[in-house]
Amino acid sequence: MLYLTVKEFHILFAGLSILLFVLRGAFAVLAGRPLAHRLWKVLPHIVDTLLLGLGVWLAVMLRINPLHSSWLGVKLLCVLGYIVLGVLAFRLQRPRWLRVTLFVAAILLFGFIVSIAMLHNPWGWFALLGA
């Protein structure tokens with residue numbers, strides 16, 4: 001029962017994380033001006049911290065080691081890539097076309113991360129192409 005609760009909250013915070021990312025990106029990247037209120041700067045960090053903490057809790061509960069479980073290791077590497085793409089996309093000093101490209105790439109990578117998590121396969125949705 002605890003496992004399912006933690007998993008459901010992990011999924012909830014993943015959804016909140018991408019929702020906040022898209023909202024912030026729509027303003028910062030597409031509109032060319034970031035959301036000014038302090039809440040928009042703090043809330044994504046709180047949500048992402050809870051998302052990561054719940055993910056670690058799940059891994060501990062299931063005794064999954066990312067060094068021995070290829071899908072989890074790839075998922076964590078992709079999360080790092082998602083973070084880097086997001087940081088670069090929100091830097092307003094870059095040309096708009098580059099920020100939009102990085103923003104879209106981050107969203108696509110997030111989708112790939114979800115596919116890895118759902119399939120427990122390091123190839124994510126690409127594993128379905130070979131099936």
# chains A, B, ... in the order shown; residues from 1 in each chain; ligands from 1

$ residues_around --residues "region 43-45 of chain A" --least-positions-apart "3" --cutoff "7 Å" --atoms "only C-alpha atoms" --output "list in words"
Ser17, Leu20, Leu39, Trp40, Asp48 and Thr49 of chain A

$ write_last_selection --atoms "C-alpha atoms" --output "mmCIF file, in the first residue's frame"
data_model
loop_
_atom_site.group_PDB
_atom_site.id
_atom_site.type_symbol
_atom_site.label_atom_id
_atom_site.label_comp_id
_atom_site.auth_asym_id
_atom_site.auth_seq_id
_atom_site.Cartn_x
_atom_site.Cartn_y
_atom_site.Cartn_z
ATOM 1 C CA SER A 17 6.919 19.348 -12.898
ATOM 2 C CA LEU A 20 5.299 24.158 -14.466
ATOM 3 C CA LEU A 39 6.428 31.856 -6.696
ATOM 4 C CA TRP A 40 7.268 30.856 -10.295
ATOM 5 C CA ASP A 48 11.286 18.857 -8.509
ATOM 6 C CA THR A 49 12.885 18.219 -5.119
#

$ residues_around --residues "region 5-15 of chain A" --least-positions-apart "5" --cutoff "7 Å" --atoms "only C-alpha atoms" --output "MDAnalysis selection string"
chainID A and resid 47 51 54:55 58

$ atom_distance --atom1 "CA of Trp71 (chain A)" --atom2 "CA of Ala106 (chain A)"
19.0 Å

$ closest_residue --among "A:Arg96, A:Arg38, A:His120, A:Arg91" --to "Pro66 (chain A)" --atoms "only C-alpha atoms"
A:His120

$ atom_distance --atom1 "CA of Arg33 (chain A)" --atom2 "CA of Leu108 (chain A)"
22.5 Å

$ residues_around --residues "Val104 (chain A)" --least-positions-apart "4" --cutoff "12 Å" --atoms "only C-alpha atoms" --output "VMD selection string"
chain A and resid 18 21 to 22 25 to 26 29 to 30 82 85 to 86 88 to 90 97 to 100 108 to 111

$ atom_distance --atom1 "CA of Leu76 (chain A)" --atom2 "CA of Leu102 (chain A)"
18.9 Å

$ closest_residue --among "A:Gly53, A:Pro34, A:Pro95, A:Pro122" --to "Lys75 (chain A)" --atoms "only C-alpha atoms"
A:Pro122

$ select_by_dssp --residues "region 6-69 of chain A" --states "helix (DSSP H, G or I)" --output "ChimeraX atom specification"
/A:6-30,38-62

$ write_last_selection --atoms "N, CA and C atoms" --output "compact mmCIF listing (two decimals), in the first residue's frame"
# COMPACT_ATOMS: atom_id res chain seq x y z
N VAL A 6 3.39 6.11 -2.68
CA VAL A 6 4.61 6.82 -3.06
C VAL A 6 4.69 6.93 -4.59
N LYS A 7 4.37 5.84 -5.27
CA LYS A 7 4.40 5.83 -6.74
C LYS A 7 3.40 6.84 -7.31
N GLU A 8 2.19 6.88 -6.76
CA GLU A 8 1.17 7.82 -7.24
C GLU A 8 1.63 9.27 -7.04
N PHE A 9 2.23 9.56 -5.89
CA PHE A 9 2.72 10.91 -5.65
C PHE A 9 3.90 11.24 -6.57
N HIS A 10 4.74 10.26 -6.85
CA HIS A 10 5.85 10.47 -7.80
C HIS A 10 5.29 10.84 -9.17
N ILE A 11 4.27 10.14 -9.60
CA ILE A 11 3.63 10.43 -10.89
C ILE A 11 2.97 11.80 -10.86
N LEU A 12 2.29 12.12 -9.76
CA LEU A 12 1.65 13.43 -9.62
C LEU A 12 2.68 14.56 -9.73
N PHE A 13 3.80 14.41 -9.02
CA PHE A 13 4.81 15.47 -9.05
C PHE A 13 5.53 15.52 -10.39
N ALA A 14 5.62 14.40 -11.12
CA ALA A 14 6.17 14.43 -12.47
C ALA A 14 5.25 15.26 -13.37
N GLY A 15 3.95 15.06 -13.24
CA GLY A 15 3.00 15.85 -14.02
C GLY A 15 3.05 17.33 -13.67
N LEU A 16 3.13 17.64 -12.38
CA LEU A 16 3.26 19.04 -11.96
C LEU A 16 4.56 19.65 -12.46
N SER A 17 5.62 18.86 -12.46
CA SER A 17 6.92 19.35 -12.90
C SER A 17 6.89 19.77 -14.37
N ILE A 18 6.34 18.92 -15.22
CA ILE A 18 6.30 19.26 -16.65
C ILE A 18 5.31 20.39 -16.90
N LEU A 19 4.22 20.43 -16.15
CA LEU A 19 3.25 21.52 -16.29
C LEU A 19 3.91 22.86 -15.96
N LEU A 20 4.61 22.92 -14.85
CA LEU A 20 5.30 24.16 -14.47
C LEU A 20 6.39 24.52 -15.46
N PHE A 21 7.09 23.50 -15.98
CA PHE A 21 8.14 23.74 -16.97
C PHE A 21 7.54 24.36 -18.23
N VAL A 22 6.44 23.81 -18.69
CA VAL A 22 5.80 24.32 -19.91
C VAL A 22 5.27 25.74 -19.68
N LEU A 23 4.66 25.99 -18.53
CA LEU A 23 4.16 27.34 -18.23
C LEU A 23 5.29 28.36 -18.19
N ARG A 24 6.35 28.01 -17.47
CA ARG A 24 7.49 28.93 -17.38
C ARG A 24 8.13 29.12 -18.75
N GLY A 25 8.23 28.03 -19.49
CA GLY A 25 8.84 28.11 -20.81
C GLY A 25 8.01 28.91 -21.79
N ALA A 26 6.70 28.80 -21.69
CA ALA A 26 5.84 29.56 -22.59
C ALA A 26 6.07 31.06 -22.43
N PHE A 27 6.33 31.48 -21.22
CA PHE A 27 6.61 32.90 -21.00
C PHE A 27 8.06 33.25 -21.28
N ALA A 28 8.98 32.49 -20.70
CA ALA A 28 10.40 32.84 -20.81
C ALA A 28 10.95 32.63 -22.21
N VAL A 29 10.54 31.55 -22.85
CA VAL A 29 11.12 31.21 -24.15
C VAL A 29 10.28 31.77 -25.29
N LEU A 30 8.99 31.50 -25.26
CA LEU A 30 8.14 31.88 -26.38
C LEU A 30 7.73 33.35 -26.33
N ARG A 38 7.85 35.72 -7.59
CA ARG A 38 8.82 34.83 -6.94
C ARG A 38 8.32 33.38 -6.87
N LEU A 39 7.01 33.20 -6.76
CA LEU A 39 6.43 31.86 -6.70
C LEU A 39 6.86 31.00 -7.89
N TRP A 40 6.91 31.60 -9.08
CA TRP A 40 7.27 30.86 -10.30
C TRP A 40 8.74 30.46 -10.32
N LYS A 41 9.54 31.11 -9.51
CA LYS A 41 10.96 30.74 -9.41
C LYS A 41 11.19 29.67 -8.34
N VAL A 42 10.37 29.68 -7.29
CA VAL A 42 10.56 28.77 -6.16
C VAL A 42 9.77 27.47 -6.32
N LEU A 43 8.52 27.56 -6.74
CA LEU A 43 7.64 26.39 -6.81
C LEU A 43 8.21 25.24 -7.65
N PRO A 44 8.77 25.49 -8.84
CA PRO A 44 9.33 24.37 -9.61
C PRO A 44 10.45 23.64 -8.86
N HIS A 45 11.24 24.35 -8.10
CA HIS A 45 12.32 23.71 -7.34
C HIS A 45 11.76 22.84 -6.22
N ILE A 46 10.70 23.30 -5.59
CA ILE A 46 10.06 22.50 -4.54
C ILE A 46 9.46 21.23 -5.14
N VAL A 47 8.73 21.39 -6.24
CA VAL A 47 8.11 20.24 -6.90
C VAL A 47 9.18 19.25 -7.37
N ASP A 48 10.24 19.75 -8.00
CA ASP A 48 11.29 18.86 -8.51
C ASP A 48 12.05 18.16 -7.39
N THR A 49 12.23 18.84 -6.26
CA THR A 49 12.88 18.22 -5.12
C THR A 49 12.02 17.09 -4.56
N LEU A 50 10.73 17.34 -4.45
CA LEU A 50 9.82 16.29 -3.99
C LEU A 50 9.77 15.13 -4.99
N LEU A 51 9.77 15.44 -6.27
CA LEU A 51 9.78 14.40 -7.31
C LEU A 51 11.03 13.53 -7.18
N LEU A 52 12.17 14.15 -7.03
CA LEU A 52 13.42 13.40 -6.88
C LEU A 52 13.42 12.59 -5.58
N GLY A 53 12.98 13.19 -4.49
CA GLY A 53 12.94 12.48 -3.22
C GLY A 53 12.02 11.27 -3.26
N LEU A 54 10.87 11.41 -3.89
CA LEU A 54 9.96 10.28 -4.03
C LEU A 54 10.56 9.19 -4.92
N GLY A 55 11.29 9.61 -5.97
CA GLY A 55 11.95 8.63 -6.82
C GLY A 55 13.01 7.85 -6.08
N VAL A 56 13.78 8.54 -5.26
CA VAL A 56 14.80 7.86 -4.44
C VAL A 56 14.12 6.91 -3.46
N TRP A 57 13.03 7.37 -2.85
CA TRP A 57 12.28 6.53 -1.91
C TRP A 57 11.78 5.26 -2.59
N LEU A 58 11.27 5.40 -3.81
CA LEU A 58 10.81 4.22 -4.55
C LEU A 58 11.97 3.25 -4.82
N ALA A 59 13.10 3.80 -5.24
CA ALA A 59 14.26 2.95 -5.53
C ALA A 59 14.74 2.21 -4.28
N VAL A 60 14.72 2.90 -3.15
CA VAL A 60 15.12 2.27 -1.89
C VAL A 60 14.12 1.19 -1.49
N MET A 61 12.82 1.52 -1.61
CA MET A 61 11.79 0.55 -1.25
C MET A 61 11.90 -0.73 -2.10
N LEU A 62 12.20 -0.54 -3.38
CA LEU A 62 12.27 -1.68 -4.30
C LEU A 62 13.68 -2.29 -4.39
